[in-house]
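Trainee: I have a structure here, written as structure tokens, and I will follow up with some questions on it.
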Amino acid sequence: MLEIKNYTKIYGGDKKACDDVNITVEAGDIYAFIGHNGAGKSTTIRAVVGVLDFTEGEIIIDGHSVKTEPMECKKVTAYIPDNPDLYENLTGIQYLNFIGDAYEVGSADRDARIKKYADMFEITDSLGDLISSYSHGMKQKVAIIGALIHEPKLMVLDEPFVGLDPKAAFTLKEIMREMCEKGAAVFFSTHVLDVAEKLCNKISIIKGGKIIASGTMEELTNGQTLEEVFLEATNIQ
């Protein structure tokens, strides 16, 4: 579903933010991408979703190149950044309908999906309010609903649990599982290691722009906690 091959991003001529990154996310995977602040997580994620150009390598989504077939990639991808920047002069429902229009989702499917997820996140009664009146958590919920309207094959999230209350975080995890059971894939960064350990089947750890550990959760932990593996790997490498 997602192949990151020899991905390298260089800033300012010589600073390598990411260096020869290789990651494969298959259909059905919930894949965690973890590392310290500044390790290269967001840089990689922004390249995957086409927001940031890159220096070397290739990124393939559902068989299409991010560089040469960006629209084909975007049609099957949903992206939720760590700080959703929504159109605050719109109401929640106006924003969601705008997203539905952008992805050419029919009205019946759109209405059903908006109702389903708005009910799950308990914001149905607030969709008529301006986004400018929303809390950070409510904006995050609307961004998530917008990302789900076109039933993406790949969902890419950067620190998705920041700002969500415990019930909303639980709901998002259930949605991730439901998506992957239907053959989609989820690739996300997080600092919440216990969530990653319980939720994900695969993981990569990045430090200084390089992947220092990668594999299934079972392979990497092997009797240890993910926190222990992460601290050991990032301190030794």
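Please note that chains go A, B, ... in the order of the structure tokens, that every chain numbers its residues from 1, and that ligands are numbered from 1 in the order shown.
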Quick one: residues within 9 Å of Asp53 in chain A, only C-alpha atoms, excluding same-chain residues fewer than 5 positions away - as number ranges by chain?

Mentor: A: 9, 46-47, 67

Trainee: Fewer than 6 positions away in the same chain doesn't count, so skip those; otherwise give me all residues within 8 Å of Ile114 in chain A, counting only C-alpha atoms, as a ChimeraX atom specification.

Mentor: /A:96,145,149

Trainee: Can you list, as a ChimeraX atom specification, every protein, DNA or RNA residue that comes within 9 Å of range 160-164 of chain A when you count only C-alpha atoms, leaving out same-chain residues fewer than 3 positions away?

Mentor: /A:80-83,136-138,140-141,144,157,167-169,172,188-190,192

Trainee: For C-alpha atoms, I'd like the residues from the last selection saved as a PDB file, in the first residue's frame.

Mentor:
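Saved result, again_4.pdb, follows:
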```
ATOM      1  CA  ILE A  80      -4.262  14.404   9.289  1.00  0.00           C
ATOM      2  CA  PRO A  81      -1.440  16.700  10.458  1.00  0.00           C
ATOM      3  CA  ASP A  82      -0.547  17.199  14.106  1.00  0.00           C
ATOM      4  CA  ASN A  83      -2.258  20.589  14.126  1.00  0.00           C
ATOM      5  CA  HIS A 136      -8.545  21.967  19.406  1.00  0.00           C
ATOM      6  CA  GLY A 137     -10.074  18.571  20.136  1.00  0.00           C
ATOM      7  CA  MET A 138     -13.236  19.350  18.182  1.00  0.00           C
ATOM      8  CA  GLN A 140      -9.229  17.309  15.382  1.00  0.00           C
ATOM      9  CA  LYS A 141     -12.476  15.327  15.296  1.00  0.00           C
ATOM     10  CA  ILE A 144     -10.662  12.977  11.171  1.00  0.00           C
ATOM     11  CA  LEU A 157      -1.549  10.712  10.649  1.00  0.00           C
ATOM     12  CA  LYS A 167     -13.193   8.513  24.591  1.00  0.00           C
ATOM     13  CA  ALA A 168     -12.355  10.149  21.242  1.00  0.00           C
ATOM     14  CA  ALA A 169      -8.916   8.497  21.278  1.00  0.00           C
ATOM     15  CA  LEU A 172     -10.157   6.681  16.645  1.00  0.00           C
ATOM     16  CA  PHE A 188       1.120   7.250  11.892  1.00  0.00           C
ATOM     17  CA  SER A 189       3.652   8.915  14.123  1.00  0.00           C
ATOM     18  CA  THR A 190       3.196   9.024  17.864  1.00  0.00           C
ATOM     19  CA  VAL A 192       2.436   7.577  23.019  1.00  0.00           C
TER      20      VAL A 192
END
```

Trainee: Using only C-alpha atoms, can you tell me which of A:Leu127, A:Val21, A:Ile34, A:Ile4 comes closest to Val66 in chain A?

Mentor: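 The answer is A:Ile4, which sits nearest to Val66 in chain A.
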
Trainee: Of the candidates A:Ser204, A:Ser107, A:Ser65, A:Asn22, which one gets nearest to His150 in chain A if we count only C-alpha atoms?

Mentor: A:Ser107

Trainee: Kindly give the distance, in Å, that separates CA of Glu227 in chain A and CA of Cys200 in chain A, rounded to a single decimal.

Mentor: 13.9 Å

Trainee: A:Glu3, A:Glu219, A:Asp111, A:Asp19: which is nearest Glu58 in chain A, counting only C-alpha atoms?

Mentor: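 Closest to Glu58 in chain A, using only C-alpha atoms: A:Glu3.
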
Trainee: Applying 10 Å and only C-alpha atoms, which residues near Asn37 in chain A remain after dropping the ones on its own chain fewer than 2 positions away? List them as a list in words.

Mentor: Ile34, Gly35, Ala39, Gly40, Lys41, Ser42, His191, Lys207 and Gly208 of chain A

Trainee: With N, CA and C atoms kept, could you save the residues just selected as a PDB file, in the first residue's frame?

Mentor:
```pdb
ATOM      1  N   ILE A  34       7.967   6.011  15.067  1.00  0.00           N
ATOM      2  CA  ILE A  34       8.298   6.701  16.311  1.00  0.00           C
ATOM      3  C   ILE A  34       9.748   7.188  16.306  1.00  0.00           C
ATOM      4  N   GLY A  35       9.975   8.221  17.108  1.00  0.00           N
ATOM      5  CA  GLY A  35      11.302   8.801  17.229  1.00  0.00           C
ATOM      6  C   GLY A  35      11.224  10.077  18.053  1.00  0.00           C
ATOM      7  N   ALA A  39      13.549  13.957  14.744  1.00  0.00           N
ATOM      8  CA  ALA A  39      14.200  12.757  14.208  1.00  0.00           C
ATOM      9  C   ALA A  39      13.949  12.564  12.720  1.00  0.00           C
ATOM     10  N   GLY A  40      12.881  13.189  12.195  1.00  0.00           N
ATOM     11  CA  GLY A  40      12.571  13.037  10.781  1.00  0.00           C
ATOM     12  C   GLY A  40      11.195  12.468  10.501  1.00  0.00           C
ATOM     13  N   LYS A  41      10.379  12.303  11.542  1.00  0.00           N
ATOM     14  CA  LYS A  41       9.049  11.713  11.369  1.00  0.00           C
ATOM     15  C   LYS A  41       8.150  12.587  10.503  1.00  0.00           C
ATOM     16  N   SER A  42       7.967  13.838  10.912  1.00  0.00           N
ATOM     17  CA  SER A  42       7.057  14.727  10.183  1.00  0.00           C
ATOM     18  C   SER A  42       7.576  15.023   8.778  1.00  0.00           C
ATOM     19  N   HIS A 191       4.108   9.748  19.966  1.00  0.00           N
ATOM     20  CA  HIS A 191       4.997   9.658  21.120  1.00  0.00           C
ATOM     21  C   HIS A 191       4.373   8.799  22.217  1.00  0.00           C
ATOM     22  N   LYS A 207      15.953   7.763  14.092  1.00  0.00           N
ATOM     23  CA  LYS A 207      16.805   8.633  14.911  1.00  0.00           C
ATOM     24  C   LYS A 207      17.778   9.348  13.982  1.00  0.00           C
ATOM     25  N   GLY A 208      17.837  10.673  14.086  1.00  0.00           N
ATOM     26  CA  GLY A 208      18.753  11.441  13.265  1.00  0.00           C
ATOM     27  C   GLY A 208      18.533  11.249  11.777  1.00  0.00           C
TER      28      GLY A 208
END
```

Trainee: Pick out the residues sitting within 12 Å of range 10-14 of chain A, and hand them over as a list of chain:residue names; count only C-alpha atoms, and ignore anything fewer than 3 positions along from it in its own chain.

Mentor: A:Tyr7, A:Ala17, A:Cys18, A:Asp19, A:Asp20, A:Gly40, A:Thr43, A:Thr44, A:Leu52, A:Asp53, A:Phe54, A:Thr55, A:Glu56, A:Gly57, A:Gly209

Trainee: Could you pull out the alpha helix (DSSP H) residues of range 32-232 of chain A from DSSP and send them as a PyMOL selection string?

Mentor: chain A and resi 41-48+70-75+92-102+107-120+136-148+166-181+193-199+217-221+226-232

Trainee: For Pro152 in chain A, please output as a list in words all residues within 6 Å (counting only C-alpha atoms; exclusion window: fewer than 6 positions along the same chain).

Mentor: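 Here the qualifying residues turn out to be Val76, Thr77 and Ala78 of chain A.
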
Trainee: Between A:Ala184, A:Met155, A:Ile206, A:Leu86, which is the closest to Val48 in chain A once you count only C-alpha atoms?

Mentor: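 Using only C-alpha atoms, the shortest distance to Val48 in chain A belongs to A:Met155.
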
Trainee: Out of A:Ile93, A:Ala102, A:Leu193, A:Ile30, which residue has the shortest atom-to-atom distance to Asp125 in chain A when counting only C-alpha atoms?

Mentor: A:Ile93

Trainee: Within range 22-235 of chain A, find each residue whose DSSP state, derived from the backbone, is strand (DSSP E), and express the selection as a ChimeraX atom specification.

Mentor: /A:22-25,30-34,56-61,64-65,77-80,154-158,185-189,202-207,210-216

Trainee: Calculate how many Å separate CA of Asp101 in chain A from CA of Val25 in chain A, rounding to one decimal.

Mentor: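 That distance, rounded to one decimal, is 28.4 Å.
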